[in-house]
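This report refers to the structure that appears directly beneath it.
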Amino acid sequence: MRIVVKVGTSTLAYATGRLNIRHVEELVKTLSDLKNAGHELILVSSGAIGMGVGKLNLPGKPSDMPTKQAAAAVGQCELMYTYDRLFSQFNHTVAQLLLTGEDIDHEDRRHNFENTLRRLLELGVLPIVNENDTVATAEISVGDNDTLGAVVACSAQAELLVLLSDIEGLYTADPHRNPDASLIPVVKEITPEILSLAGCAGSALATGGMTTKLRAAQMATEKGCDMVIANGARPEVLYAIVAGQPVGTRFVARH
């Protein structure tokens with residue numbers, strides 16, 4: 001199975017921006033094991049700005065574009081160094097691909113990206129994709145890594161997209177405000193009623209929220225790719241998700 005896994009900043013880092021070592025090590029071990037089992041994996045990883053905030057000892061996520069981009073430049077180095085070191089322990093080679101919205105929208109650039117992605121998978125490499133936050137501006141940004149995850153899944157013709165975040169899945173109401181809210185295990189069609197369940201953005205260092213996840217689900221399922229939203233606090237849930245077991249919320253592909 002060809003699988004795209006998107007991990008949010010909340011899974012990779014503490015609120016301080018510093019790396020959550022235990023989570024990242026468990027994530028890498030699980031992905032490596034799934035790769036050993038014969039699956040093709042692509043990782044879409046957030047966390048560059050968050051890790052840059054931590055490494056630069058900034059008080060919080062910057063609001064101005066130059067500082068955001070500086071934090072991303074510092075944090076992306078740290079992020080890839082960490083992934084390269086950890087995946088190497090399990091004899092897996094990683095590659096970095098940084099994209100902007102222009103790369104996706106421009107036919108030739110997107111074609112080149114798809115060719116590179118396909119060749120990396122043929123070579124047994126685990127591609128790690130992130131938005132190129134050091135140069136992306138409002139005009140050329142993808143905007144969030146949920147959408148980027150869906151773009152990558154569609155480009156790679158993946159069978160499964162998994163969004164690991166700090167939430168269990170899609171609920172009937174906001175579980176933080178409504179104790180009667182219940183998890184929706186399966187969504188077979190993304191209706192206006194489903195779209196109305198979207199809440200607001202998550203943690204302070206993150207971007208997006210349920211709105212971006214539902215947009216990603218629309219993109220992925222229309223291209224024949226299942227999508228699952230699950231909590232990334234325990235990365236080993238990927239085993240159950242890949243096995244088709246009920247975890248989080250699964251959006252069923254349209255065939």
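In the structure tokens, chains take the letters A, B, ... in the order shown, each chain's residues start at 1, and ligands count up from 1 in the order shown.
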
Once DSSP has gone over the backbone, tell me which residues of range 51-228 of chain A are in strand (DSSP E), as a list in words.
Val94, Ala95, Gln96, Leu97, Leu98, Leu99, Leu126, Pro127, Ile128, Val129, Asn130, Glu131, Leu160, Leu161, Val162, Leu163, Leu164, Ser165, Val186, Val187, Asp226, Met227 and Val228 of chain A

Among the residues of range 16-101 of chain A, find those DSSP assigns to helix (DSSP H, G or I) from the backbone and print them as a PyMOL selection string.
chain A and resi 21-36+48-55+65-88+101

Those selected residues, please, written with N, CA and C atoms and delivered as a short mmCIF file (atom, residue, chain, number, x, y, z; two decimals), in the first residue's frame.
data_model
loop_
_atom_site.label_atom_id
_atom_site.label_comp_id
_atom_site.auth_asym_id
_atom_site.auth_seq_id
_atom_site.Cartn_x
_atom_site.Cartn_y
_atom_site.Cartn_z
N ILE A 21 10.84 14.33 21.93
CA ILE A 21 11.74 13.25 21.50
C ILE A 21 11.04 11.90 21.48
N ARG A 22 10.26 11.62 22.51
CA ARG A 22 9.59 10.33 22.60
C ARG A 22 8.63 10.13 21.44
N HIS A 23 7.83 11.15 21.12
CA HIS A 23 6.86 11.04 20.03
C HIS A 23 7.56 10.83 18.69
N VAL A 24 8.61 11.61 18.44
CA VAL A 24 9.30 11.53 17.15
C VAL A 24 9.98 10.17 17.00
N GLU A 25 10.61 9.68 18.06
CA GLU A 25 11.26 8.37 17.99
C GLU A 25 10.24 7.26 17.73
N GLU A 26 9.07 7.33 18.38
CA GLU A 26 8.04 6.32 18.17
C GLU A 26 7.48 6.40 16.74
N LEU A 27 7.33 7.63 16.25
CA LEU A 27 6.84 7.82 14.88
C LEU A 27 7.79 7.19 13.87
N VAL A 28 9.07 7.50 14.00
CA VAL A 28 10.08 6.98 13.07
C VAL A 28 10.16 5.46 13.15
N LYS A 29 10.11 4.91 14.35
CA LYS A 29 10.17 3.44 14.51
C LYS A 29 8.97 2.78 13.84
N THR A 30 7.78 3.35 14.02
CA THR A 30 6.57 2.78 13.43
C THR A 30 6.60 2.88 11.90
N LEU A 31 6.97 4.04 11.38
CA LEU A 31 7.05 4.21 9.92
C LEU A 31 8.09 3.26 9.32
N SER A 32 9.22 3.11 10.00
CA SER A 32 10.27 2.21 9.51
C SER A 32 9.77 0.77 9.47
N ASP A 33 9.03 0.38 10.49
CA ASP A 33 8.50 -0.99 10.56
C ASP A 33 7.47 -1.23 9.46
N LEU A 34 6.60 -0.25 9.22
CA LEU A 34 5.62 -0.37 8.14
C LEU A 34 6.32 -0.44 6.78
N LYS A 35 7.40 0.30 6.64
CA LYS A 35 8.17 0.25 5.40
C LYS A 35 8.82 -1.12 5.24
N ASN A 36 9.33 -1.67 6.33
CA ASN A 36 9.92 -3.01 6.29
C ASN A 36 8.89 -4.06 5.87
N ALA A 48 8.64 22.90 11.20
CA ALA A 48 9.85 23.70 10.96
C ALA A 48 9.81 25.01 11.74
N ILE A 49 8.69 25.74 11.63
CA ILE A 49 8.61 27.03 12.34
C ILE A 49 8.63 26.79 13.84
N GLY A 50 7.85 25.79 14.30
CA GLY A 50 7.80 25.48 15.73
C GLY A 50 9.17 25.15 16.31
N MET A 51 9.94 24.33 15.57
CA MET A 51 11.27 23.96 16.06
C MET A 51 12.24 25.13 15.98
N GLY A 52 12.04 25.99 14.96
CA GLY A 52 12.87 27.19 14.87
C GLY A 52 12.60 28.13 16.03
N VAL A 53 11.32 28.23 16.42
CA VAL A 53 10.95 29.05 17.59
C VAL A 53 11.69 28.56 18.83
N GLY A 54 11.73 27.23 18.99
CA GLY A 54 12.42 26.66 20.15
C GLY A 54 13.91 26.87 20.09
N LYS A 55 14.50 26.64 18.93
CA LYS A 55 15.96 26.75 18.81
C LYS A 55 16.44 28.20 18.94
N MET A 65 6.22 38.10 8.91
CA MET A 65 6.68 37.14 7.91
C MET A 65 8.19 36.90 7.94
N PRO A 66 9.06 37.94 8.02
CA PRO A 66 10.50 37.66 8.02
C PRO A 66 10.95 36.77 9.18
N THR A 67 10.38 36.99 10.38
CA THR A 67 10.78 36.17 11.53
C THR A 67 10.23 34.75 11.39
N LYS A 68 9.02 34.61 10.85
CA LYS A 68 8.47 33.27 10.57
C LYS A 68 9.39 32.51 9.63
N GLN A 69 9.83 33.21 8.56
CA GLN A 69 10.66 32.54 7.57
C GLN A 69 12.04 32.23 8.13
N ALA A 70 12.57 33.11 8.97
CA ALA A 70 13.85 32.84 9.62
C ALA A 70 13.74 31.63 10.54
N ALA A 71 12.64 31.57 11.30
CA ALA A 71 12.41 30.42 12.20
C ALA A 71 12.28 29.14 11.40
N ALA A 72 11.60 29.21 10.25
CA ALA A 72 11.44 28.04 9.40
C ALA A 72 12.79 27.56 8.86
N ALA A 73 13.65 28.50 8.48
CA ALA A 73 14.96 28.15 7.93
C ALA A 73 15.80 27.41 8.98
N VAL A 74 15.76 27.91 10.20
CA VAL A 74 16.51 27.26 11.29
C VAL A 74 15.86 25.92 11.65
N GLY A 75 14.55 25.91 11.77
CA GLY A 75 13.84 24.72 12.21
C GLY A 75 13.86 23.59 11.20
N GLN A 76 13.85 23.91 9.90
CA GLN A 76 13.86 22.87 8.87
C GLN A 76 15.17 22.08 8.91
N CYS A 77 16.27 22.76 9.17
CA CYS A 77 17.56 22.06 9.32
C CYS A 77 17.50 21.07 10.48
N GLU A 78 16.99 21.54 11.58
CA GLU A 78 16.89 20.71 12.78
C GLU A 78 15.96 19.51 12.54
N LEU A 79 14.85 19.78 11.87
CA LEU A 79 13.86 18.74 11.60
C LEU A 79 14.45 17.63 10.73
N MET A 80 15.09 18.00 9.63
CA MET A 80 15.64 16.99 8.72
C MET A 80 16.85 16.28 9.32
N TYR A 81 17.64 17.00 10.09
CA TYR A 81 18.77 16.35 10.78
C TYR A 81 18.24 15.25 11.71
N THR A 82 17.16 15.57 12.41
CA THR A 82 16.57 14.61 13.35
C THR A 82 16.01 13.40 12.61
N TYR A 83 15.25 13.65 11.54
CA TYR A 83 14.68 12.54 10.77
C TYR A 83 15.78 11.67 10.15
N ASP A 84 16.78 12.31 9.57
CA ASP A 84 17.86 11.56 8.92
C ASP A 84 18.57 10.66 9.93
N ARG A 85 18.86 11.22 11.09
CA ARG A 85 19.57 10.46 12.13
C ARG A 85 18.73 9.28 12.62
N LEU A 86 17.44 9.52 12.87
CA LEU A 86 16.58 8.47 13.42
C LEU A 86 16.26 7.38 12.40
N PHE A 87 15.92 7.77 11.17
CA PHE A 87 15.61 6.77 10.15
C PHE A 87 16.85 5.95 9.78
N SER A 88 18.03 6.57 9.85
CA SER A 88 19.27 5.84 9.54
C SER A 88 19.49 4.68 10.50
N GLY A 101 2.95 26.81 -3.11
CA GLY A 101 1.73 26.73 -3.89
C GLY A 101 2.00 26.85 -5.38
#

Which polymer residues have any atom within 9 Å of an atom of Glu114 in chain A, counting only C-alpha atoms, with same-chain residues fewer than 6 positions away left out, as a VMD selection string?
chain A and resid 152 155 to 156

Skip Ile128 in chain A itself and residues of its chain fewer than 3 positions away, then list as number ranges by chain all residues within 8 Å of it, counting only C-alpha atoms.
A: 42-45, 94-97

Non-local contacts of range 216-223 of chain A (7 Å; only C-alpha atoms; under 3 positions in same chain excluded) as a count of residues only:
14

So, counting only C-alpha atoms, which residue among A:Asn130, A:Ser196, A:Thr116, A:Thr191 is closest to Gly149 in chain A?
A:Asn130

When distances are computed from only C-alpha atoms, which of A:Val151, A:Ala243, A:Ile184, A:Ala230 shows the smallest separation from Thr11 in chain A?
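Once distances to Thr11 in chain A are computed over only C-alpha atoms, the minimum belongs to A:Ala230.
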
Residue nearest Leu160 in chain A - candidates A:His39, A:Asn20, A:Ala13, A:Asn57, atoms counted: only C-alpha atoms
A:His39

Have a look at CA of Leu163 in chain A and CA of Leu126 in chain A and let me know their distance in Å, one decimal.
17.2 Å

List the spatial neighbours of Thr172 in chain A as a ChimeraX atom specification - criterion: any atom at most 9 Å away, only C-alpha atoms, same-chain residues fewer than 4 positions off excluded.
/A:180-184,194,197

Write a file of the selected residues as a PDB file, in the first residue's frame, keeping N, CA and C atoms.
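See again.pdb below for the written result:
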ATOM      1  N   ASP A 180     -21.442  15.834  25.421  1.00  0.00           N
ATOM      2  CA  ASP A 180     -22.230  14.816  24.733  1.00  0.00           C
ATOM      3  C   ASP A 180     -21.741  14.562  23.298  1.00  0.00           C
ATOM      4  N   ALA A 181     -20.703  15.275  22.894  1.00  0.00           N
ATOM      5  CA  ALA A 181     -20.179  15.089  21.537  1.00  0.00           C
ATOM      6  C   ALA A 181     -19.634  13.680  21.370  1.00  0.00           C
ATOM      7  N   SER A 182     -19.912  13.069  20.231  1.00  0.00           N
ATOM      8  CA  SER A 182     -19.432  11.708  19.984  1.00  0.00           C
ATOM      9  C   SER A 182     -18.606  11.650  18.715  1.00  0.00           C
ATOM     10  N   LEU A 183     -17.625  10.746  18.712  1.00  0.00           N
ATOM     11  CA  LEU A 183     -16.738  10.570  17.564  1.00  0.00           C
ATOM     12  C   LEU A 183     -17.502   9.922  16.403  1.00  0.00           C
ATOM     13  N   ILE A 184     -17.285  10.439  15.210  1.00  0.00           N
ATOM     14  CA  ILE A 184     -17.877   9.860  14.009  1.00  0.00           C
ATOM     15  C   ILE A 184     -16.843   8.904  13.405  1.00  0.00           C
ATOM     16  N   ILE A 194     -21.689  17.572   7.246  1.00  0.00           N
ATOM     17  CA  ILE A 194     -20.348  17.196   7.723  1.00  0.00           C
ATOM     18  C   ILE A 194     -19.449  18.428   7.746  1.00  0.00           C
ATOM     19  N   LEU A 197     -19.503  20.795  10.707  1.00  0.00           N
ATOM     20  CA  LEU A 197     -18.941  20.361  11.989  1.00  0.00           C
ATOM     21  C   LEU A 197     -17.530  20.886  12.228  1.00  0.00           C
TER      22      LEU A 197
END

Straight-line distance linking CA of Leu99 in chain A with CA of Glu131 in chain A, stated in Å to one decimal:
4.8 Å

Find the spatial neighbours of Leu195 in chain A, counting only C-alpha atoms, within a cut-off of 9 Å - ignore same-chain residues fewer than 5 positions away - and output them as a ChimeraX atom specification.
/A:190,211,214-215
